Every structure is written in C-alpha cells, then in structure tokens.
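> Pasting entry39.cif below, which is mmCIF, C-alpha atoms.
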data_final
#
loop_
_atom_site.label_atom_id
_atom_site.label_comp_id
_atom_site.auth_asym_id
_atom_site.auth_seq_id
_atom_site.Cartn_x
_atom_site.Cartn_y
_atom_site.Cartn_z
CA MET A 52 -45.68 135.55 -60.97
CA ASN A 53 -48.87 135.46 -63.03
CA LYS A 54 -52.10 136.03 -61.05
CA GLN A 55 -53.39 132.80 -62.55
CA ILE A 56 -50.66 130.87 -60.72
CA PRO A 57 -51.63 130.90 -57.02
CA VAL A 58 -49.13 131.44 -54.23
CA ILE A 59 -49.21 128.68 -51.59
CA VAL A 60 -48.55 129.77 -47.99
CA THR A 61 -48.37 127.53 -44.93
CA ASP A 62 -46.95 127.54 -41.42
CA SER A 63 -43.99 125.71 -39.93
CA THR A 64 -46.05 123.14 -38.05
CA CYS A 65 -46.37 121.32 -41.39
CA ASP A 66 -42.97 119.87 -40.38
CA LEU A 67 -41.62 120.03 -43.91
CA SER A 68 -38.08 121.36 -43.96
CA LEU A 69 -37.34 124.87 -45.16
CA GLN A 70 -35.43 123.35 -48.07
CA GLU A 71 -38.42 121.22 -49.06
CA THR A 72 -40.91 124.08 -48.98
CA GLU A 73 -38.52 126.20 -51.03
CA ALA A 74 -38.21 123.40 -53.58
CA LEU A 75 -42.01 123.20 -53.70
CA HIS A 76 -42.19 127.01 -54.16
CA VAL A 77 -44.30 127.24 -51.01
CA GLU A 78 -43.92 130.08 -48.52
CA MET A 79 -43.64 128.78 -44.95
CA LEU A 80 -44.16 131.20 -42.05
CA SER A 81 -42.56 130.23 -38.75
CA LEU A 82 -44.25 129.90 -35.41
CA LYS A 83 -41.87 130.58 -32.53
CA VAL A 84 -40.54 128.54 -29.63
CA VAL A 85 -39.40 130.31 -26.47
CA PHE A 86 -36.85 129.07 -23.93
CA GLY A 87 -36.92 131.67 -21.15
CA THR A 88 -35.72 134.88 -22.81
CA GLU A 89 -34.50 133.10 -25.97
CA VAL A 90 -36.93 133.23 -28.90
CA TYR A 91 -36.39 131.03 -31.95
CA GLU A 92 -38.17 130.83 -35.29
CA ASP A 93 -39.24 127.26 -35.97
CA LYS A 94 -37.16 125.74 -38.80
CA ARG A 95 -35.22 128.97 -39.34
CA THR A 96 -33.17 130.01 -36.32
CA ILE A 97 -33.20 126.65 -34.55
CA THR A 98 -32.76 123.26 -36.16
CA ASN A 99 -34.78 120.24 -35.08
CA GLU A 100 -31.65 118.65 -33.63
CA GLU A 101 -30.73 121.80 -31.69
CA PHE A 102 -34.25 122.03 -30.33
CA TYR A 103 -34.28 118.51 -28.87
CA GLN A 104 -30.86 119.04 -27.31
CA LYS A 105 -32.16 122.19 -25.61
CA LEU A 106 -35.38 120.44 -24.61
CA GLU A 107 -33.45 117.68 -22.85
CA SER A 108 -31.16 120.09 -21.00
CA SER A 109 -33.65 122.85 -20.18
CA LYS A 110 -35.03 122.95 -16.63
CA ALA A 111 -38.17 124.77 -17.72
CA LEU A 112 -40.39 123.71 -20.59
CA PRO A 113 -40.42 126.01 -23.63
CA THR A 114 -43.53 127.79 -24.82
CA THR A 115 -44.72 128.48 -28.36
CA SER A 116 -46.29 131.44 -30.12
CA LEU A 117 -48.38 131.72 -33.26
CA VAL A 118 -47.69 133.33 -36.61
CA SER A 119 -48.62 136.98 -36.08
CA VAL A 120 -51.03 139.13 -38.07
CA GLY A 121 -48.03 141.22 -39.09
CA ASP A 122 -46.24 138.17 -40.50
CA PHE A 123 -49.22 137.41 -42.73
CA LEU A 124 -49.60 141.06 -43.75
CA ASP A 125 -45.95 141.16 -44.82
CA THR A 126 -46.38 138.01 -46.89
CA PHE A 127 -49.62 139.19 -48.49
CA ALA A 128 -47.97 142.52 -49.38
CA GLN A 129 -45.26 140.67 -51.30
CA HIS A 130 -47.91 139.10 -53.56
CA LYS A 131 -50.28 141.94 -54.40
CA GLN A 132 -50.88 140.68 -57.93
CA GLU A 133 -51.39 136.99 -57.19
CA ASN A 134 -54.11 134.83 -55.72
CA ILE A 135 -52.99 133.39 -52.39
CA VAL A 136 -53.96 130.07 -50.78
CA VAL A 137 -53.10 129.80 -47.07
CA LEU A 138 -53.10 126.38 -45.37
CA THR A 139 -52.78 126.54 -41.59
CA LEU A 140 -52.72 124.09 -38.73
CA SER A 141 -55.97 123.49 -36.86
CA ALA A 142 -57.58 126.66 -35.53
CA LYS A 143 -58.37 124.71 -32.35
CA LEU A 144 -54.67 124.13 -31.68
CA SER A 145 -53.31 127.60 -32.47
CA GLY A 146 -54.37 131.16 -33.19
CA THR A 147 -52.39 131.12 -36.44
CA TYR A 148 -55.51 130.61 -38.57
CA GLN A 149 -57.19 133.57 -36.89
CA SER A 150 -54.09 135.70 -37.53
CA ALA A 151 -54.41 134.92 -41.24
CA VAL A 152 -58.12 135.78 -41.23
CA VAL A 153 -57.52 139.12 -39.49
CA ALA A 154 -54.69 139.95 -41.90
CA LYS A 155 -56.89 139.21 -44.89
CA GLU A 156 -59.65 141.42 -43.50
CA MET A 157 -57.15 144.24 -42.99
CA THR A 158 -56.07 144.06 -46.63
CA GLY A 159 -59.64 144.14 -47.93
CA ARG A 160 -58.64 141.63 -50.60
CA GLU A 161 -60.93 138.97 -52.03
CA ASP A 162 -58.16 136.96 -53.70
CA ILE A 163 -56.80 135.43 -50.49
CA TYR A 164 -58.19 132.01 -49.56
CA ILE A 165 -57.55 130.71 -46.04
CA VAL A 166 -58.07 127.06 -45.14
CA ASP A 167 -58.21 125.70 -41.59
CA THR A 168 -56.93 122.20 -42.37
CA GLU A 169 -58.00 120.94 -38.91
CA THR A 170 -54.74 119.04 -38.61
CA ILE A 171 -51.03 119.50 -37.90
CA SER A 172 -47.51 118.24 -38.52
CA ILE A 173 -46.92 115.83 -41.39
CA ALA A 174 -50.66 115.63 -42.14
CA LEU A 175 -50.60 119.36 -42.86
CA GLY A 176 -47.40 118.80 -44.81
CA MET A 177 -49.14 116.25 -47.03
CA LEU A 178 -51.90 118.73 -47.85
CA VAL A 179 -49.29 121.37 -48.65
CA LYS A 180 -47.59 118.98 -51.08
CA LEU A 181 -50.91 118.18 -52.73
CA ALA A 182 -51.71 121.88 -53.05
CA ALA A 183 -48.35 122.52 -54.71
CA LYS A 184 -48.97 119.62 -57.09
CA LEU A 185 -52.41 120.98 -58.02
CA ARG A 186 -50.91 124.43 -58.62
CA ASP A 187 -48.23 122.95 -60.88
CA GLU A 188 -50.94 121.12 -62.82
CA GLY A 189 -52.64 124.42 -63.53
CA ALA A 190 -55.38 124.48 -60.89
CA SER A 191 -56.79 127.84 -59.83
CA ALA A 192 -56.83 129.03 -56.22
CA GLN A 193 -60.51 128.13 -55.93
CA GLN A 194 -59.89 124.68 -57.38
CA ILE A 195 -57.00 124.06 -54.99
CA VAL A 196 -59.10 125.06 -51.98
CA ALA A 197 -61.99 122.85 -53.08
CA GLN A 198 -59.75 119.81 -53.66
CA ILE A 199 -57.74 120.26 -50.45
CA THR A 200 -60.94 120.68 -48.44
CA GLU A 201 -62.25 117.44 -49.93
CA ASP A 202 -58.97 115.54 -49.45
CA ALA A 203 -58.72 116.68 -45.83
CA LYS A 204 -61.97 114.84 -45.03
CA ARG A 205 -60.21 111.49 -45.42
CA LEU A 206 -56.84 112.49 -43.99
CA ARG A 207 -55.92 110.89 -40.67
CA ILE A 208 -53.06 111.40 -38.24
CA TYR A 209 -52.20 109.20 -35.26
CA GLY A 210 -49.46 109.64 -32.70
CA ILE A 211 -47.96 107.56 -29.91
CA PHE A 212 -46.35 109.61 -27.15
CA ASP A 213 -43.50 108.35 -25.02
CA THR A 214 -44.28 110.70 -22.15
CA LEU A 215 -47.40 112.50 -21.00
CA HIS A 216 -45.42 115.25 -19.28
CA TYR A 217 -45.40 117.67 -22.21
CA LEU A 218 -49.04 117.06 -23.14
CA VAL A 219 -50.09 117.90 -19.58
CA LYS A 220 -47.90 121.00 -19.38
CA GLY A 221 -49.25 122.13 -22.75
CA GLY A 222 -52.83 121.69 -21.54
CA ARG A 223 -53.56 118.77 -23.89
CA LEU A 224 -54.19 116.26 -21.08
CA SER A 225 -55.35 116.68 -17.50
CA GLY A 226 -52.88 116.51 -14.63
CA PHE A 227 -54.64 113.39 -13.35
CA GLU A 228 -54.20 111.62 -16.67
CA GLY A 229 -50.55 112.61 -16.65
CA PHE A 230 -50.03 111.32 -13.12
CA LEU A 231 -51.82 108.06 -13.87
CA GLY A 232 -49.87 107.56 -17.08
CA SER A 233 -46.54 108.19 -15.36
CA VAL A 234 -47.29 105.70 -12.61
CA LEU A 235 -48.39 103.00 -15.03
CA ALA A 236 -45.89 103.85 -17.81
CA LEU A 237 -48.82 104.29 -20.16
CA LYS A 238 -48.23 105.53 -23.68
CA PRO A 239 -51.24 107.42 -25.04
CA ILE A 240 -52.40 107.01 -28.63
CA LEU A 241 -53.87 110.25 -29.92
CA THR A 242 -55.57 111.35 -33.10
CA ILE A 243 -57.18 114.57 -34.30
CA VAL A 244 -60.95 114.74 -34.60
CA HIS A 245 -62.52 117.89 -36.07
CA GLY A 246 -59.34 119.79 -35.30
CA ASN A 247 -59.02 118.70 -31.67
CA LEU A 248 -56.59 116.25 -30.11
CA SER A 249 -58.40 113.14 -28.93
CA SER A 250 -57.06 110.21 -26.90
CA ILE A 251 -58.27 106.90 -28.32
CA ALA A 252 -56.23 104.35 -26.34
CA LYS A 253 -53.35 103.84 -23.95
CA ALA A 254 -50.88 100.99 -23.73
CA ARG A 255 -48.21 99.97 -21.27
CA GLY A 256 -44.96 100.57 -23.13
CA MET A 257 -44.15 101.82 -26.62
CA ASP A 258 -44.09 98.37 -28.25
CA ALA A 259 -47.54 97.56 -26.91
CA ALA A 260 -48.80 100.95 -28.09
CA ILE A 261 -47.53 100.28 -31.61
CA ARG A 262 -49.29 96.90 -31.68
CA SER A 263 -52.46 98.52 -30.35
CA LEU A 264 -52.44 101.25 -32.99
CA VAL A 265 -51.83 98.75 -35.80
CA GLU A 266 -54.77 96.67 -34.57
CA ILE A 267 -57.02 99.73 -34.32
CA LEU A 268 -56.22 100.77 -37.88
CA GLN A 269 -56.93 97.27 -39.19
CA HIS A 270 -60.53 97.62 -38.01
CA THR A 271 -61.24 101.33 -38.46
CA ASP A 272 -59.23 103.58 -40.74
CA ILE A 273 -57.91 101.44 -43.57
CA ILE A 274 -54.87 103.08 -45.18
CA ASP A 275 -55.18 104.01 -48.85
CA THR A 276 -51.78 102.87 -50.09
CA ASN A 277 -52.39 104.61 -53.42
CA MET A 278 -52.12 107.93 -51.61
CA PRO A 279 -49.18 109.39 -49.68
CA VAL A 280 -48.30 107.99 -46.24
CA SER A 281 -45.92 109.96 -44.01
CA PHE A 282 -44.13 109.25 -40.73
CA ALA A 283 -42.45 111.49 -38.17
CA HIS A 284 -40.71 111.19 -34.81
CA SER A 285 -39.31 113.36 -32.05
CA GLY A 286 -36.00 111.62 -31.50
CA ASN A 287 -37.29 108.07 -31.87
CA PRO A 288 -36.47 106.87 -35.42
CA VAL A 289 -36.22 103.20 -34.44
CA LYS A 290 -39.80 103.00 -33.15
CA MET A 291 -41.04 105.08 -36.07
CA LEU A 292 -39.59 102.54 -38.49
CA GLU A 293 -41.06 99.72 -36.41
CA LEU A 294 -44.51 101.30 -36.76
CA LYS A 295 -43.93 101.59 -40.51
CA ARG A 296 -42.90 97.91 -40.67
CA GLN A 297 -45.92 96.69 -38.71
CA LEU A 298 -48.26 98.76 -40.87
CA LYS A 299 -46.66 97.06 -43.89
CA ILE A 300 -45.89 100.38 -45.58
CA THR A 301 -43.05 99.69 -48.02
CA GLN A 302 -43.06 103.14 -49.64
CA SER A 303 -43.71 106.35 -47.74
CA ASP A 304 -44.13 109.96 -48.76
CA GLY A 305 -41.49 110.92 -46.22
CA GLU A 306 -39.96 110.29 -42.82
CA TYR A 307 -39.58 113.47 -40.81
CA ILE A 308 -38.41 114.86 -37.50
CA MET A 309 -41.06 116.91 -35.72
CA GLY A 310 -40.08 120.56 -35.55
CA SER A 311 -39.60 122.65 -32.44
CA VAL A 312 -43.21 123.82 -32.13
CA VAL A 313 -44.83 120.40 -32.56
CA GLY A 314 -42.03 118.86 -30.48
CA THR A 315 -42.69 121.27 -27.60
CA HIS A 316 -46.12 119.71 -27.10
CA ALA A 317 -45.30 116.14 -28.15
CA GLY A 318 -42.10 115.88 -26.13
CA PRO A 319 -39.22 113.55 -26.98
CA GLY A 320 -39.79 109.97 -28.11
CA ALA A 321 -43.11 110.42 -29.94
CA ILE A 322 -43.94 108.83 -33.30
CA ILE A 323 -46.61 109.85 -35.82
CA VAL A 324 -48.20 108.41 -38.94
CA ALA A 325 -50.44 110.32 -41.36
CA PHE A 326 -52.38 108.85 -44.27
CA PHE A 327 -55.58 108.98 -46.30
CA ILE A 328 -58.26 106.41 -45.60
CA ALA A 329 -59.47 104.09 -48.34
CA ILE A 330 -63.00 104.70 -49.61
#
Let me see the structure of the file written as structure tokens.


Amino acid sequence: MNKQIPVIVTDSTCDLSLQETEALHVEMLSLKVVFGTEVYEDKRTITNEEFYQKLESSKALPTTSLVSVGDFLDTFAQHKQENIVVLTLSAKLSGTYQSAVVAKEMTGREDIYIVDTETISIALGMLVKLAAKLRDEGASAQQIVAQITEDAKRLRIYGIFDTLHYLVKGGRLSGFEGFLGSVLALKPILTIVHGNLSSIAKARGMDAAIRSLVEILQHTDIIDTNMPVSFAHSGNPVKMLELKRQLKITQSDGEYIMGSVVGTHAGPGAIIVAFFIAI
C-alpha cells in the first residue's frame, strides 16, 4: 500500500462485524473476554450469539482484557511503509488506548496517529466508517485525524440497560444503585460524557425508559438526520426497533448486536442509539 494511503486500525469494541471491517479495509484488533479459564477473542473466536448463550448459562460473570502492546506492535510492524491512524475506545473505559501509545513510543515512529475517541460500541464504529470514507476520498492521515476529532465533538451515544447487575459487577455503578434499581425494577439511561459513562435518568420498566429517552432527546441533543444514526442491542431487537420507531428514524446506518466485550458490561437486554447532533 502507498504511504499516502493511510492504514485505519481500530478495536473490536466498535461492534462492527469482522466481515464489515474487512470490507472497509480496516484492521480490527480484538479485546478478549474470559469465562473462567476460557479466553476468547472478541468477534474472532466467539460469535455474538455464542457469547450471550454463555453469558446466560455461566454462573460467574466473565471478565474482559484490553488489546495488548504486543498486538499493536505486531500490527504496526506489518505496515512499516504506511501512515497509520488508530481509533480506540475511550481511554477512561479501557487501557487499550494506552497500549497503542506505548507501542508507538516503542517503535519510535512519527507516522502513527492515535485517537482516543472518548466513546465506544456503535459510536466508535461510526467514526471508523467515516475515517474509511475519508481515506477512500484521498484524505491524508493528518486530515483524517483532524476531521474525526472534530466529528467526535458532536457524536452522542445513549443506552438503556435492562439490568444493573452487570454494570455494578463491572464497577460502572455502585452496589447501592444496583440494589435500589433491582428492587424498583429501574432501567438506567446512560450516556458518555468526556469518555466516562454517566447516568442521566432512570425509569421503571423498559417501555418507560424508551419514552423518557425520546423525551430527553427532543429537548437536548437533536439528532442530525443528515448524518449516520446507528442502533445496537444485546439480545433485545424488539425494543431496539421500538426505540428507532419512537425516534422517527426511518433510515439507519446500521442495526447491530453488541459484541462480547461491550456485552459483558452492558448485560443482556440493553439497547443503544448513536448519532450526531444537529448544529
């Protein structure tokens, strides 16, 4: 590949499928999910469907691990003659970004550009698609980084979670919040602010949570329908489509299943929407 054509690298929490990233000519490095002594590479050695089956039947919750420094070094070594743009999930949610930074420092190269997108899942996936589009249009690595950094400022992601159990176990919510939510059957509505998960509301039941999120978005973050809008779920396609219907989104950039790493923390039954706000 010509050095003028940048290589795009991302991680598997973008929740694009392996087939989709290959079609986009994007290199996706897998985080790992661990069930006891069994270690799986997200999107590669465990399918989304297999993951949720194991999650339902497993007595102990799985854990996840980041993309290692070695994984990035191996990828960088395969592209010694090209500029490389790396888009990772939020550095506040994983050490994957730091792994990429350390790997770059070890190579001593100046032609590797690493972006902490401060987001995750389909929101990261949308930025990856935009980066690939910019590359195909002839943008340089520096131009891609500048545009993605600018686009990320108006990218939003919201999720409704069916259970608080996995968020508490993953350290995303306090045990008290989890206990209170379980007793009251509360469904938390979360977003990401400056790379951190933030709870913005809770509702009693999934249907009420969907109505609450739709109302919130009508008064705060207005969806730019001229830009991509994506949806995802962790085994709850019916409610995902209901959210899409209530948001009056007739065309979407994609409807995805959350992968094993994102699903470990979200738990089953969650739904997500990602979009760019109108300005």

> Compare A:Asp122, A:Asp162, A:Glu107, A:Glu78 by their minimum atom-to-atom distance to Gly320 of chain A, counting only C-alpha atoms, and give me the closest one.

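That would be A:Glu107, the residue with the smallest distance to Gly320 of chain A.
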
> Do a neighbour search on segment 182-194 of chain A at 8 Å with all atoms listed in the file, toss out local chain neighbours closer than 4 positions, and write the hits as number ranges by chain.

A: 55-57, 59, 75-77, 134-136, 164, 178, 198-199

> Thr115 of chain A: which residues within 8 Å, counting all atoms listed in the file, same-chain residues fewer than 4 positions away excluded, as an MDAnalysis selection string?

chainID A and resid 82:85 312 315

> Taking C-alpha atoms for each residue, export the selection above as an mmCIF file, keeping the file's coordinate frame.


data_model
loop_
_atom_site.group_PDB
_atom_site.id
_atom_site.type_symbol
_atom_site.label_atom_id
_atom_site.label_comp_id
_atom_site.auth_asym_id
_atom_site.auth_seq_id
_atom_site.Cartn_x
_atom_site.Cartn_y
_atom_site.Cartn_z
ATOM 1 C CA LEU A 82 -44.250 129.900 -35.410
ATOM 2 C CA LYS A 83 -41.870 130.580 -32.530
ATOM 3 C CA VAL A 84 -40.540 128.540 -29.630
ATOM 4 C CA VAL A 85 -39.400 130.310 -26.470
ATOM 5 C CA VAL A 312 -43.210 123.820 -32.130
ATOM 6 C CA THR A 315 -42.690 121.270 -27.600
#

> Run through the PyMOL selection byres ((chain A and resi 205) around 6) on the given coordinates and return the selected residues as a list in words.

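Applying the PyMOL selection byres ((chain A and resi 205) around 6) to the structure shown produces Asp202, Ala203, Lys204, Leu206, Phe327 and Ile328 of chain A.
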
> Write out the residues from the selection above, keeping C-alpha atoms, as a JSON list (two decimals), in the frame of the given file.


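Dumped everything to again_2.json:
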[["chain", "number", "residue", "atom", "x", "y", "z"],
["A", 202, "ASP", "CA", -58.97, 115.54, -49.45],
["A", 203, "ALA", "CA", -58.72, 116.68, -45.83],
["A", 204, "LYS", "CA", -61.97, 114.84, -45.03],
["A", 206, "LEU", "CA", -56.84, 112.49, -43.99],
["A", 327, "PHE", "CA", -55.58, 108.98, -46.30],
["A", 328, "ILE", "CA", -58.26, 106.41, -45.60]]

> Just to confirm, what's the straight-line distance from atom CA of Ser311 of chain A to atom CA of Glu71 of chain A in Å (one decimal)?

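These atoms are spaced 16.7 Å apart.
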
> Name the closest residue to Glu169 of chain A among the candidates A:Lys110, A:His245, A:His216, A:Lys94; distances are taken between atoms, counting all atoms listed in the file.

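That would be A:His245, the residue with the smallest distance to Glu169 of chain A.
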